[in-house]
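K.L.:
Contents are PDB, C-alpha atoms, pLDDT in the B column; file name query.pdb:
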ATOM      1  CA  MET X  17       0.000   0.000   0.000  1.00 40.00           C
ATOM      2  CA  GLY X  18       1.428   3.395  -1.076  1.00 43.00           C
ATOM      3  CA  ARG X  19       2.148   6.227   1.296  1.00 53.00           C
ATOM      4  CA  GLY X  20      -0.739   8.610   1.771  1.00 53.00           C
ATOM      5  CA  ARG X  21      -0.317  12.342   1.466  1.00 65.00           C
ATOM      6  CA  SER X  22       0.289  14.343   4.611  1.00 67.00           C
ATOM      7  CA  ALA X  23      -2.394  16.729   5.848  1.00 65.00           C
ATOM      8  CA  ASN X  24      -0.305  19.755   4.821  1.00 87.00           C
ATOM      9  CA  TYR X  25       0.712  18.381   1.411  1.00 85.00           C
ATOM     10  CA  ASP X  26      -1.084  21.100  -0.604  1.00 88.00           C
ATOM     11  CA  ASP X  27       0.177  23.872   1.680  1.00 91.00           C
ATOM     12  CA  GLN X  28       3.713  22.570   1.272  1.00 94.00           C
ATOM     13  CA  ARG X  29       3.366  22.546  -2.502  1.00 94.00           C
ATOM     14  CA  GLU X  30       2.137  26.151  -2.454  1.00 94.00           C
ATOM     15  CA  MET X  31       5.039  27.194  -0.249  1.00 96.00           C
ATOM     16  CA  ILE X  32       7.516  25.530  -2.606  1.00 97.00           C
ATOM     17  CA  LEU X  33       5.943  27.248  -5.631  1.00 97.00           C
ATOM     18  CA  ALA X  34       6.094  30.620  -3.884  1.00 96.00           C
ATOM     19  CA  GLN X  35       9.785  30.198  -3.021  1.00 97.00           C
ATOM     20  CA  ALA X  36      10.622  28.935  -6.511  1.00 98.00           C
ATOM     21  CA  ALA X  37       8.729  31.826  -8.128  1.00 97.00           C
ATOM     22  CA  ASN X  38      10.687  34.275  -5.988  1.00 96.00           C
ATOM     23  CA  LEU X  39      13.997  32.719  -7.034  1.00 97.00           C
ATOM     24  CA  PHE X  40      13.038  32.517 -10.713  1.00 97.00           C
ATOM     25  CA  ALA X  41      11.871  36.154 -10.622  1.00 94.00           C
ATOM     26  CA  GLN X  42      15.060  37.393  -8.951  1.00 93.00           C
ATOM     27  CA  ARG X  43      17.684  35.139 -10.566  1.00 94.00           C
ATOM     28  CA  GLY X  44      15.984  33.901 -13.725  1.00 94.00           C
ATOM     29  CA  TYR X  45      14.828  30.357 -14.422  1.00 96.00           C
ATOM     30  CA  PRO X  46      18.070  29.108 -16.057  1.00 96.00           C
ATOM     31  CA  ALA X  47      20.267  30.393 -13.204  1.00 96.00           C
ATOM     32  CA  THR X  48      18.219  28.774 -10.418  1.00 97.00           C
ATOM     33  CA  SER X  49      18.949  25.229  -9.252  1.00 97.00           C
ATOM     34  CA  MET X  50      16.790  22.739  -7.389  1.00 97.00           C
ATOM     35  CA  ASN X  51      19.352  22.888  -4.591  1.00 97.00           C
ATOM     36  CA  GLN X  52      18.716  26.630  -4.213  1.00 97.00           C
ATOM     37  CA  VAL X  53      14.966  26.037  -4.189  1.00 97.00           C
ATOM     38  CA  ALA X  54      15.360  23.387  -1.503  1.00 97.00           C
ATOM     39  CA  GLN X  55      17.491  25.723   0.615  1.00 97.00           C
ATOM     40  CA  ALA X  56      14.981  28.563   0.255  1.00 97.00           C
ATOM     41  CA  CYS X  57      12.198  26.217   1.370  1.00 97.00           C
ATOM     42  CA  GLY X  58      14.181  24.790   4.278  1.00 96.00           C
ATOM     43  CA  LEU X  59      13.808  21.303   2.798  1.00 96.00           C
ATOM     44  CA  SER X  60      16.174  18.558   1.747  1.00 95.00           C
ATOM     45  CA  LYS X  61      16.460  17.926  -1.986  1.00 94.00           C
ATOM     46  CA  ALA X  62      14.927  14.490  -1.453  1.00 94.00           C
ATOM     47  CA  THR X  63      11.861  16.082   0.156  1.00 95.00           C
ATOM     48  CA  LEU X  64      11.634  18.675  -2.614  1.00 96.00           C
ATOM     49  CA  TYR X  65      11.659  15.942  -5.262  1.00 95.00           C
ATOM     50  CA  HIS X  66       8.776  14.299  -3.413  1.00 93.00           C
ATOM     51  CA  TYR X  67       6.656  17.286  -4.434  1.00 95.00           C
ATOM     52  CA  TYR X  68       8.140  18.251  -7.814  1.00 96.00           C
ATOM     53  CA  ARG X  69      10.132  15.939 -10.029  1.00 95.00           C
ATOM     54  CA  ASP X  70      12.406  18.687 -11.417  1.00 96.00           C
ATOM     55  CA  LYS X  71      12.868  22.408 -11.973  1.00 97.00           C
ATOM     56  CA  TYR X  72      10.838  22.315 -15.166  1.00 98.00           C
ATOM     57  CA  ALA X  73       7.820  20.973 -13.271  1.00 97.00           C
ATOM     58  CA  LEU X  74       8.086  23.984 -10.976  1.00 98.00           C
ATOM     59  CA  LEU X  75       8.125  26.361 -13.942  1.00 98.00           C
ATOM     60  CA  VAL X  76       5.075  24.736 -15.500  1.00 98.00           C
ATOM     61  CA  SER X  77       3.134  24.859 -12.241  1.00 97.00           C
ATOM     62  CA  ILE X  78       4.010  28.503 -11.531  1.00 97.00           C
ATOM     63  CA  ALA X  79       3.042  29.714 -14.995  1.00 97.00           C
ATOM     64  CA  ASP X  80      -0.038  27.540 -15.405  1.00 97.00           C
ATOM     65  CA  ASP X  81      -1.410  28.162 -11.906  1.00 96.00           C
ATOM     66  CA  HIS X  82      -1.033  31.933 -12.275  1.00 96.00           C
ATOM     67  CA  VAL X  83      -2.674  32.216 -15.671  1.00 96.00           C
ATOM     68  CA  SER X  84      -5.394  29.757 -14.601  1.00 97.00           C
ATOM     69  CA  ARG X  85      -6.348  32.090 -11.742  1.00 95.00           C
ATOM     70  CA  LEU X  86      -6.555  34.992 -14.195  1.00 95.00           C
ATOM     71  CA  ALA X  87      -8.723  32.964 -16.578  1.00 96.00           C
ATOM     72  CA  ALA X  88     -10.978  31.915 -13.687  1.00 96.00           C
ATOM     73  CA  LEU X  89     -11.348  35.578 -12.792  1.00 95.00           C
ATOM     74  CA  ILE X  90     -12.620  36.283 -16.312  1.00 95.00           C
ATOM     75  CA  ASP X  91     -15.096  33.408 -16.052  1.00 95.00           C
ATOM     76  CA  GLU X  92     -16.364  34.690 -12.691  1.00 95.00           C
ATOM     77  CA  GLU X  93     -16.838  38.190 -14.059  1.00 92.00           C
ATOM     78  CA  ALA X  94     -18.946  36.816 -16.909  1.00 90.00           C
ATOM     79  CA  THR X  95     -21.509  35.630 -14.347  1.00 93.00           C
ATOM     80  CA  LEU X  96     -22.047  39.126 -12.933  1.00 92.00           C
ATOM     81  CA  SER X  97     -24.720  41.546 -14.139  1.00 93.00           C
ATOM     82  CA  LEU X  98     -22.291  44.435 -14.648  1.00 93.00           C
ATOM     83  CA  THR X  99     -22.184  46.114 -18.054  1.00 92.00           C
ATOM     84  CA  GLY X 100     -20.379  48.939 -19.783  1.00 92.00           C
ATOM     85  CA  GLU X 101     -17.907  51.029 -17.829  1.00 94.00           C
ATOM     86  CA  ALA X 102     -18.848  49.446 -14.494  1.00 95.00           C
ATOM     87  CA  ARG X 103     -17.948  46.022 -15.876  1.00 94.00           C
ATOM     88  CA  LEU X 104     -14.583  47.149 -17.219  1.00 95.00           C
ATOM     89  CA  ARG X 105     -13.727  49.011 -14.033  1.00 95.00           C
ATOM     90  CA  HIS X 106     -14.493  45.940 -11.944  1.00 95.00           C
ATOM     91  CA  LEU X 107     -12.323  43.793 -14.204  1.00 95.00           C
ATOM     92  CA  ILE X 108      -9.430  46.241 -13.908  1.00 96.00           C
ATOM     93  CA  TYR X 109      -9.721  46.391 -10.120  1.00 95.00           C
ATOM     94  CA  ARG X 110      -9.749  42.606  -9.874  1.00 94.00           C
ATOM     95  CA  ILE X 111      -6.859  41.956 -12.245  1.00 94.00           C
ATOM     96  CA  VAL X 112      -4.660  44.559 -10.553  1.00 93.00           C
ATOM     97  CA  GLY X 113      -5.618  43.108  -7.176  1.00 91.00           C
ATOM     98  CA  GLU X 114      -4.709  39.605  -8.361  1.00 91.00           C
ATOM     99  CA  TYR X 115      -1.252  40.813  -9.377  1.00 89.00           C
ATOM    100  CA  ALA X 116      -0.684  42.245  -5.875  1.00 85.00           C
ATOM    101  CA  ASP X 117      -0.148  38.771  -4.418  1.00 84.00           C
ATOM    102  CA  ALA X 118       1.431  37.248  -7.505  1.00 90.00           C
ATOM    103  CA  GLN X 119       4.205  39.598  -8.564  1.00 89.00           C
ATOM    104  CA  ASN X 120       6.829  36.860  -8.721  1.00 93.00           C
ATOM    105  CA  ALA X 121       4.562  34.418 -10.551  1.00 94.00           C
ATOM    106  CA  HIS X 122       3.593  37.141 -13.008  1.00 92.00           C
ATOM    107  CA  ARG X 123       7.230  37.961 -13.659  1.00 92.00           C
ATOM    108  CA  VAL X 124       7.928  34.287 -14.304  1.00 95.00           C
ATOM    109  CA  LEU X 125       4.955  34.107 -16.673  1.00 93.00           C
ATOM    110  CA  THR X 126       6.140  37.226 -18.500  1.00 90.00           C
ATOM    111  CA  GLU X 127       9.837  36.408 -18.772  1.00 93.00           C
ATOM    112  CA  ASP X 128      10.223  32.623 -18.581  1.00 95.00           C
ATOM    113  CA  VAL X 129       7.330  31.268 -20.653  1.00 94.00           C
ATOM    114  CA  LYS X 130       9.844  30.918 -23.495  1.00 95.00           C
ATOM    115  CA  PHE X 131      11.453  28.026 -21.630  1.00 97.00           C
ATOM    116  CA  LEU X 132       8.274  25.950 -21.715  1.00 97.00           C
ATOM    117  CA  GLU X 133       7.986  23.060 -24.119  1.00 97.00           C
ATOM    118  CA  ASP X 134       5.625  23.576 -27.034  1.00 97.00           C
ATOM    119  CA  ALA X 135       2.564  21.823 -25.608  1.00 98.00           C
ATOM    120  CA  ASP X 136       2.897  23.469 -22.196  1.00 97.00           C
ATOM    121  CA  ARG X 137       3.572  26.896 -23.701  1.00 97.00           C
ATOM    122  CA  GLU X 138       0.543  26.644 -25.993  1.00 97.00           C
ATOM    123  CA  ARG X 139      -1.688  25.647 -23.080  1.00 97.00           C
ATOM    124  CA  VAL X 140      -0.489  28.599 -20.987  1.00 97.00           C
ATOM    125  CA  LEU X 141      -0.720  31.050 -23.876  1.00 96.00           C
ATOM    126  CA  GLY X 142      -4.207  29.744 -24.707  1.00 97.00           C
ATOM    127  CA  LYS X 143      -5.340  30.719 -21.203  1.00 97.00           C
ATOM    128  CA  GLU X 144      -3.644  34.089 -21.611  1.00 96.00           C
ATOM    129  CA  ARG X 145      -5.632  34.629 -24.800  1.00 96.00           C
ATOM    130  CA  ARG X 146      -8.853  33.874 -22.896  1.00 96.00           C
ATOM    131  CA  VAL X 147      -7.963  36.631 -20.446  1.00 96.00           C
ATOM    132  CA  VAL X 148      -7.243  39.110 -23.237  1.00 96.00           C
ATOM    133  CA  GLU X 149     -10.450  38.174 -25.053  1.00 95.00           C
ATOM    134  CA  GLY X 150     -12.460  38.691 -21.869  1.00 95.00           C
ATOM    135  CA  PHE X 151     -11.046  42.187 -21.470  1.00 95.00           C
ATOM    136  CA  ALA X 152     -11.515  42.942 -25.165  1.00 94.00           C
ATOM    137  CA  ARG X 153     -15.209  42.101 -24.859  1.00 93.00           C
ATOM    138  CA  ALA X 154     -15.495  44.458 -21.889  1.00 93.00           C
ATOM    139  CA  VAL X 155     -13.686  47.214 -23.820  1.00 93.00           C
ATOM    140  CA  ALA X 156     -15.976  46.721 -26.823  1.00 91.00           C
ATOM    141  CA  ASP X 157     -18.987  46.909 -24.500  1.00 89.00           C
ATOM    142  CA  VAL X 158     -17.895  50.385 -23.388  1.00 90.00           C
ATOM    143  CA  ARG X 159     -17.446  51.648 -26.959  1.00 83.00           C
ATOM    144  CA  SER X 160     -20.763  52.269 -28.668  1.00 72.00           C
ATOM    145  CA  ASP X 161     -19.356  53.142 -32.097  1.00 69.00           C
ATOM    146  CA  LYS X 162     -19.276  50.217 -34.499  1.00 63.00           C
ATOM    147  CA  ALA X 163     -16.512  51.893 -36.471  1.00 60.00           C
ATOM    148  CA  GLY X 164     -14.198  51.490 -33.492  1.00 61.00           C
ATOM    149  CA  ALA X 165     -15.047  47.842 -32.854  1.00 67.00           C
ATOM    150  CA  GLY X 166     -11.756  46.770 -34.384  1.00 80.00           C
ATOM    151  CA  LEU X 167      -9.893  48.772 -31.751  1.00 87.00           C
ATOM    152  CA  ALA X 168     -11.076  46.626 -28.849  1.00 90.00           C
ATOM    153  CA  LYS X 169      -8.082  44.255 -29.023  1.00 91.00           C
ATOM    154  CA  PRO X 170      -5.403  46.967 -29.506  1.00 93.00           C
ATOM    155  CA  LEU X 171      -6.933  49.024 -26.692  1.00 93.00           C
ATOM    156  CA  THR X 172      -6.918  45.955 -24.480  1.00 94.00           C
ATOM    157  CA  MET X 173      -3.239  45.373 -25.195  1.00 94.00           C
ATOM    158  CA  LEU X 174      -2.512  49.022 -24.314  1.00 94.00           C
ATOM    159  CA  LEU X 175      -4.371  48.482 -21.038  1.00 94.00           C
ATOM    160  CA  PHE X 176      -2.302  45.399 -20.271  1.00 94.00           C
ATOM    161  CA  GLY X 177       0.777  47.412 -21.184  1.00 92.00           C
ATOM    162  CA  MET X 178      -0.010  49.552 -18.149  1.00 90.00           C
ATOM    163  CA  ILE X 179      -0.848  46.663 -15.840  1.00 91.00           C
ATOM    164  CA  ASN X 180       1.598  43.927 -16.804  1.00 88.00           C
ATOM    165  CA  TRP X 181       4.774  45.846 -16.027  1.00 86.00           C
ATOM    166  CA  MET X 182       3.752  47.424 -12.740  1.00 84.00           C
ATOM    167  CA  PHE X 183       5.876  44.846 -10.911  1.00 79.00           C
ATOM    168  CA  THR X 184       9.025  46.503 -12.320  1.00 80.00           C
ATOM    169  CA  TRP X 185       8.451  49.743 -10.421  1.00 83.00           C
ATOM    170  CA  MET X 186       5.718  49.203  -7.811  1.00 77.00           C
ATOM    171  CA  LYS X 187       6.756  49.336  -4.158  1.00 72.00           C
ATOM    172  CA  PRO X 188       4.033  47.499  -2.195  1.00 64.00           C
ATOM    173  CA  ASP X 189       4.947  49.231   1.065  1.00 71.00           C
ATOM    174  CA  ARG X 190       4.304  52.723  -0.363  1.00 72.00           C
ATOM    175  CA  ALA X 191       1.040  54.706  -0.342  1.00 72.00           C
ATOM    176  CA  LEU X 192       0.403  53.744  -3.970  1.00 77.00           C
ATOM    177  CA  ASP X 193      -0.018  50.021  -3.479  1.00 83.00           C
ATOM    178  CA  TYR X 194      -1.876  47.671  -5.812  1.00 85.00           C
ATOM    179  CA  GLU X 195      -5.212  48.358  -4.157  1.00 85.00           C
ATOM    180  CA  ALA X 196      -4.777  52.081  -4.755  1.00 86.00           C
ATOM    181  CA  MET X 197      -3.536  51.592  -8.318  1.00 89.00           C
ATOM    182  CA  GLY X 198      -6.656  49.753  -9.530  1.00 91.00           C
ATOM    183  CA  PRO X 199      -8.843  52.901  -9.590  1.00 92.00           C
ATOM    184  CA  ILE X 200      -5.972  54.981 -10.992  1.00 92.00           C
ATOM    185  CA  VAL X 201      -5.482  52.595 -13.906  1.00 94.00           C
ATOM    186  CA  ALA X 202      -9.240  52.542 -14.559  1.00 94.00           C
ATOM    187  CA  ASP X 203      -9.515  56.350 -14.391  1.00 93.00           C
ATOM    188  CA  LEU X 204      -6.566  56.839 -16.742  1.00 93.00           C
ATOM    189  CA  PHE X 205      -7.757  54.262 -19.247  1.00 94.00           C
ATOM    190  CA  LEU X 206     -11.412  55.315 -19.254  1.00 93.00           C
ATOM    191  CA  GLY X 207     -11.161  59.061 -18.719  1.00 91.00           C
ATOM    192  CA  GLY X 208      -7.655  60.248 -19.527  1.00 90.00           C
ATOM    193  CA  LEU X 209      -5.197  62.195 -17.409  1.00 86.00           C
ATOM    194  CA  ASP X 210      -7.717  64.783 -16.212  1.00 84.00           C
ATOM    195  CA  LYS X 211      -9.814  62.073 -14.556  1.00 83.00           C
ATOM    196  CA  VAL X 212      -7.011  60.601 -12.445  1.00 86.00           C
ATOM    197  CA  ARG X 213      -7.238  61.389  -8.737  1.00 82.00           C
ATOM    198  CA  PRO X 214      -4.872  60.284  -5.972  1.00 81.00           C
ATOM    199  CA  PRO X 215      -6.215  57.822  -3.414  1.00 78.00           C
ATOM    200  CA  PRO X 216      -7.311  59.455  -0.128  1.00 72.00           C
ATOM    201  CA  GLU X 217      -4.227  58.256   1.765  1.00 58.00           C
ATOM    202  CA  ALA X 218      -1.785  59.662  -0.809  1.00 50.00           C
ATOM    203  CA  ALA X 219      -3.700  62.953  -0.986  1.00 46.00           C
ATOM    204  CA  ALA X 220      -3.496  63.321   2.789  1.00 46.00           C
ATOM    205  CA  LEU X 221       0.256  62.700   2.777  1.00 42.00           C
ATOM    206  CA  SER X 222       0.886  65.358   0.121  1.00 42.00           C
ATOM    207  CA  ALA X 223      -1.355  68.007   1.697  1.00 43.00           C
ATOM    208  CA  PRO X 224       0.464  71.027   3.253  1.00 40.00           C
TER     209      PRO X 224
END
Would you give me this structure, written as structure tokens?
P.N.:
Amino acid sequence: MGRGRSANYDDQREMILAQAANLFAQRGYPATSMNQVAQACGLSKATLYHYYRDKYALLVSIADDHVSRLAALIDEEATLSLTGEARLRHLIYRIVGEYADAQNAHRVLTEDVKFLEDADRERVLGKERRVVEGFARAVADVRSDKAGAGLAKPLTMLLFGMINWMFTWMKPDRALDYEAMGPIVADLFLGGLDKVRPPPEAAALSAP
């Protein structure tokens, strides 16, 4: 009879993924070894291999789990009754909020997807396309002009251009954290520069 899984098996897997994502994000996937992952987790290599067979399995899990959560977010939003600008705003808030706790995983998805084998990369990119398509539908819903319907995808990519690279300059411990940035991104995208207002906390700090 095979060994059963321990009660904290799933928690341990999540901890390992988090540590591996941090190392991949800071050092790069090629420069990170399983020995370094084991040390970061406080585990022996033998224990680490009990959870993940190799470094590539870690990469696949980090990228696929992250993009799966984003795709699930899109599916959840489709069940809501929001329409138009309210729908797009809510999507922006949620996607920015999701990135707040997944900066390392997002960096891995952005920079290391090229190391995935063809089948794994296509699966991950297929889920990414679902996310983009969900946002494009929300963008198209805001625009009432049929002539601009073809701009929904390019506008969506411009929106993701703002969101996807926030991890390169965001400092989570500052007044402008991810929670504060959601409304700012939505205001800028939907209304332009004149519509952007600082969050209450930042406004209070800058007041004379």
K.L.:
Residues proximal to (-15.3, 49.4, -17.8) were defined as those with any atom within 12 Å of that point in the file's coordinates, counting all atoms listed in the file. Which are they, as a PyMOL selection string?
P.N.:
chain X and resi 93+98-110+150-159+172+175+198-199+201-207
K.L.:
Enumerate, as a PyMOL selection string, the residues matched when the PyMOL selection byres ((chain X and resi 53) around 9) is run on the file above.
P.N.:
chain X and resi 32+35-36+39+48-52+54-59+61+64+71
K.L.:
Starting from the shown file, work through the PyMOL selection byres ((chain X and resi 127-135) around 9) and note down what comes out as a ChimeraX atom specification.
P.N.:
/X:40-41,44-46,72,75-76,79,122-126,136-141
K.L.:
At what distance in Å, to one decimal, does atom CA of X:Glu144 lie from atom CA of X:Ile179?
P.N.:
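Value for the atom CA of X:Ile179-atom CA of X:Glu144 distance: 14.1 Å.
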K.L.:
Which residue is closest to X:Gly177? Choose from X:Val148, X:Leu89, X:Ser97, X:Ala62 and count all atoms listed in the file.
P.N.:
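Going through X:Val148, X:Leu89, X:Ser97, X:Ala62 one by one, the smallest distance to X:Gly177 is for X:Val148.
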K.L.:
Please compute the atom CA of X:Ala73-atom CA of X:Glu92 distance, one decimal, in Å.
P.N.:
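Straight-line distance from atom CA of X:Ala73 to atom CA of X:Glu92 works out to 27.8 Å.
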K.L.:
Mind pulling up the distance from atom CA of X:Asp81 to atom CA of X:Ala118?
P.N.:
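A separation of 10.5 Å between them.
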K.L.:
X:Glu30, X:Leu96, X:Gly208, X:Arg43: which is nearest X:Ile78, counting all atoms listed in the file?
P.N.:
X:Glu30
